[in-house]
Amino acid sequence: MSLINAYAPLGLEALLTDAGWFTGGWPGGAGNWDARKDAYPNGMGPVAKAALDKGMIYGLWYEPNA
């Protein structure tokens with residue numbers, strides 16, 4: 001969230017959390033939608049909220065499974 005606070009004043013319009021946010025890492029954990037507790041102890045919701053509160057668009061990369 002420190003990146004959100006640092007970049008928001010610079011006019012960053014969007015933030016995307018790319019692969020690797022989920023348990024198991026990339027690529028082994030692809031398809032697992034559980035956030036890594038070491039990096040995101042409260043899940044991805046607080047990250048999205050922080051970005052949205054700063055007026056940014058927030059995106060979360062995930063691999064859909066059929």
# chains A, B, ... in the order shown; residues from 1 in each chain; ligands from 1
$ residues_around --residues "range 38-42 of chain A" --least-positions-apart "4" --cutoff "12 Å" --atoms "only C-alpha atoms" --output "PyMOL selection string"
chain A and resi 1+17+20-25+34+46-49
$ write_last_selection --atoms "N, CA and C atoms" --output "short mmCIF file (atom, residue, chain, number, x, y, z; two decimals), in the first residue's frame"
data_model
loop_
_atom_site.label_atom_id
_atom_site.label_comp_id
_atom_site.auth_asym_id
_atom_site.auth_seq_id
_atom_site.Cartn_x
_atom_site.Cartn_y
_atom_site.Cartn_z
N MET A 1 0.82 -1.19 0.00
CA MET A 1 0.00 0.00 0.00
C MET A 1 0.87 1.25 0.00
N THR A 17 -2.36 -5.55 -9.80
CA THR A 17 -1.56 -6.54 -9.10
C THR A 17 -1.47 -7.75 -10.02
N GLY A 20 1.33 -13.82 -8.92
CA GLY A 20 2.21 -14.00 -7.78
C GLY A 20 1.59 -13.56 -6.47
N TRP A 21 0.41 -12.98 -6.52
CA TRP A 21 -0.26 -12.54 -5.28
C TRP A 21 -0.89 -13.71 -4.55
N PHE A 22 -1.03 -14.85 -5.22
CA PHE A 22 -1.73 -16.01 -4.67
C PHE A 22 -0.75 -17.01 -4.07
N THR A 23 -1.26 -17.87 -3.19
CA THR A 23 -0.41 -18.88 -2.58
C THR A 23 0.07 -19.87 -3.64
N GLY A 24 1.28 -20.34 -3.46
CA GLY A 24 1.85 -21.29 -4.42
C GLY A 24 2.75 -20.63 -5.44
N GLY A 25 2.71 -19.29 -5.52
CA GLY A 25 3.57 -18.57 -6.45
C GLY A 25 3.24 -18.83 -7.91
N ASP A 34 -6.29 -17.82 -3.40
CA ASP A 34 -6.06 -17.44 -2.01
C ASP A 34 -4.84 -16.54 -1.95
N PRO A 46 -8.32 -4.89 1.02
CA PRO A 46 -7.74 -3.63 1.48
C PRO A 46 -6.86 -2.94 0.44
N VAL A 47 -6.19 -3.73 -0.39
CA VAL A 47 -5.36 -3.15 -1.45
C VAL A 47 -6.26 -2.46 -2.47
N ALA A 48 -7.30 -3.15 -2.89
CA ALA A 48 -8.24 -2.56 -3.85
C ALA A 48 -8.88 -1.30 -3.28
N LYS A 49 -9.29 -1.36 -2.02
CA LYS A 49 -9.94 -0.20 -1.39
C LYS A 49 -8.98 0.99 -1.32
#
$ select_by_dssp --residues "chain A" --states "helix (DSSP H, G or I)" --output "MDAnalysis selection string"
chainID A and resid 2:10 45:53
$ select_by_dssp --residues "chain A" --states "strand (DSSP E)" --output "PyMOL selection string"
chain A and resi 14-17+57-60
$ write_last_selection --atoms "N, CA and C atoms" --output "PDB file, in the first residue's frame"
ATOM      1  N   ALA A  14      -4.186   3.977 -12.605  1.00  0.00           N
ATOM      2  CA  ALA A  14      -4.599   2.590 -12.400  1.00  0.00           C
ATOM      3  C   ALA A  14      -3.476   1.800 -11.741  1.00  0.00           C
ATOM      4  N   LEU A  15      -3.874   0.776 -11.031  1.00  0.00           N
ATOM      5  CA  LEU A  15      -2.930  -0.132 -10.396  1.00  0.00           C
ATOM      6  C   LEU A  15      -3.375  -1.557 -10.690  1.00  0.00           C
ATOM      7  N   LEU A  16      -2.445  -2.385 -11.139  1.00  0.00           N
ATOM      8  CA  LEU A  16      -2.727  -3.790 -11.416  1.00  0.00           C
ATOM      9  C   LEU A  16      -1.795  -4.644 -10.572  1.00  0.00           C
ATOM     10  N   THR A  17      -2.361  -5.552  -9.804  1.00  0.00           N
ATOM     11  CA  THR A  17      -1.564  -6.544  -9.096  1.00  0.00           C
ATOM     12  C   THR A  17      -1.468  -7.748 -10.023  1.00  0.00           C
ATOM     13  N   ILE A  57      -8.113   3.236 -10.692  1.00  0.00           N
ATOM     14  CA  ILE A  57      -8.765   2.014 -11.142  1.00  0.00           C
ATOM     15  C   ILE A  57      -7.909   0.871 -10.609  1.00  0.00           C
ATOM     16  N   TYR A  58      -8.540  -0.176 -10.095  1.00  0.00           N
ATOM     17  CA  TYR A  58      -7.767  -1.304  -9.572  1.00  0.00           C
ATOM     18  C   TYR A  58      -8.078  -2.564 -10.364  1.00  0.00           C
ATOM     19  N   GLY A  59      -7.032  -3.307 -10.687  1.00  0.00           N
ATOM     20  CA  GLY A  59      -7.191  -4.577 -11.383  1.00  0.00           C
ATOM     21  C   GLY A  59      -6.391  -5.658 -10.686  1.00  0.00           C
ATOM     22  N   LEU A  60      -6.919  -6.861 -10.698  1.00  0.00           N
ATOM     23  CA  LEU A  60      -6.260  -8.007 -10.088  1.00  0.00           C
ATOM     24  C   LEU A  60      -6.161  -9.114 -11.130  1.00  0.00           C
TER      25      LEU A  60
END
$ closest_residue --among "A:Ala19, A:Met44, A:Ile4, A:Ala30" --to "Met56 in chain A" --atoms "only C-alpha atoms"
A:Ile4
$ residues_around --residues "Gly55 in chain A" --least-positions-apart "2" --cutoff "9 Å" --atoms "only C-alpha atoms" --output "list of chain:residue names"
A:Ala8, A:Glu13, A:Ala14, A:Ala50, A:Ala51, A:Leu52, A:Asp53, A:Ile57
$ write_last_selection --atoms "C-alpha atoms" --output "mmCIF file, in the first residue's frame"
data_model
loop_
_atom_site.group_PDB
_atom_site.id
_atom_site.type_symbol
_atom_site.label_atom_id
_atom_site.label_comp_id
_atom_site.auth_asym_id
_atom_site.auth_seq_id
_atom_site.Cartn_x
_atom_site.Cartn_y
_atom_site.Cartn_z
ATOM 1 C CA ALA A 8 -1.262 8.572 -6.271
ATOM 2 C CA GLU A 13 -4.607 6.361 -12.856
ATOM 3 C CA ALA A 14 -4.599 2.590 -12.400
ATOM 4 C CA ALA A 50 -6.749 1.817 -0.888
ATOM 5 C CA ALA A 51 -6.353 2.264 -4.651
ATOM 6 C CA LEU A 52 -10.013 3.148 -5.160
ATOM 7 C CA ASP A 53 -9.901 5.606 -2.249
ATOM 8 C CA ILE A 57 -8.765 2.014 -11.142
#
$ closest_residue --among "A:Lys54, A:Asn65, A:Gly31, A:Lys37" --to "Asn5 in chain A" --atoms "only C-alpha atoms"
A:Lys54
$ atom_distance --atom1 "CA of Gly45 in chain A" --atom2 "CA of Ala6 in chain A"
19.1 Å
$ atom_distance --atom1 "CA of Leu3 in chain A" --atom2 "CA of Ala35 in chain A"
18.2 Å
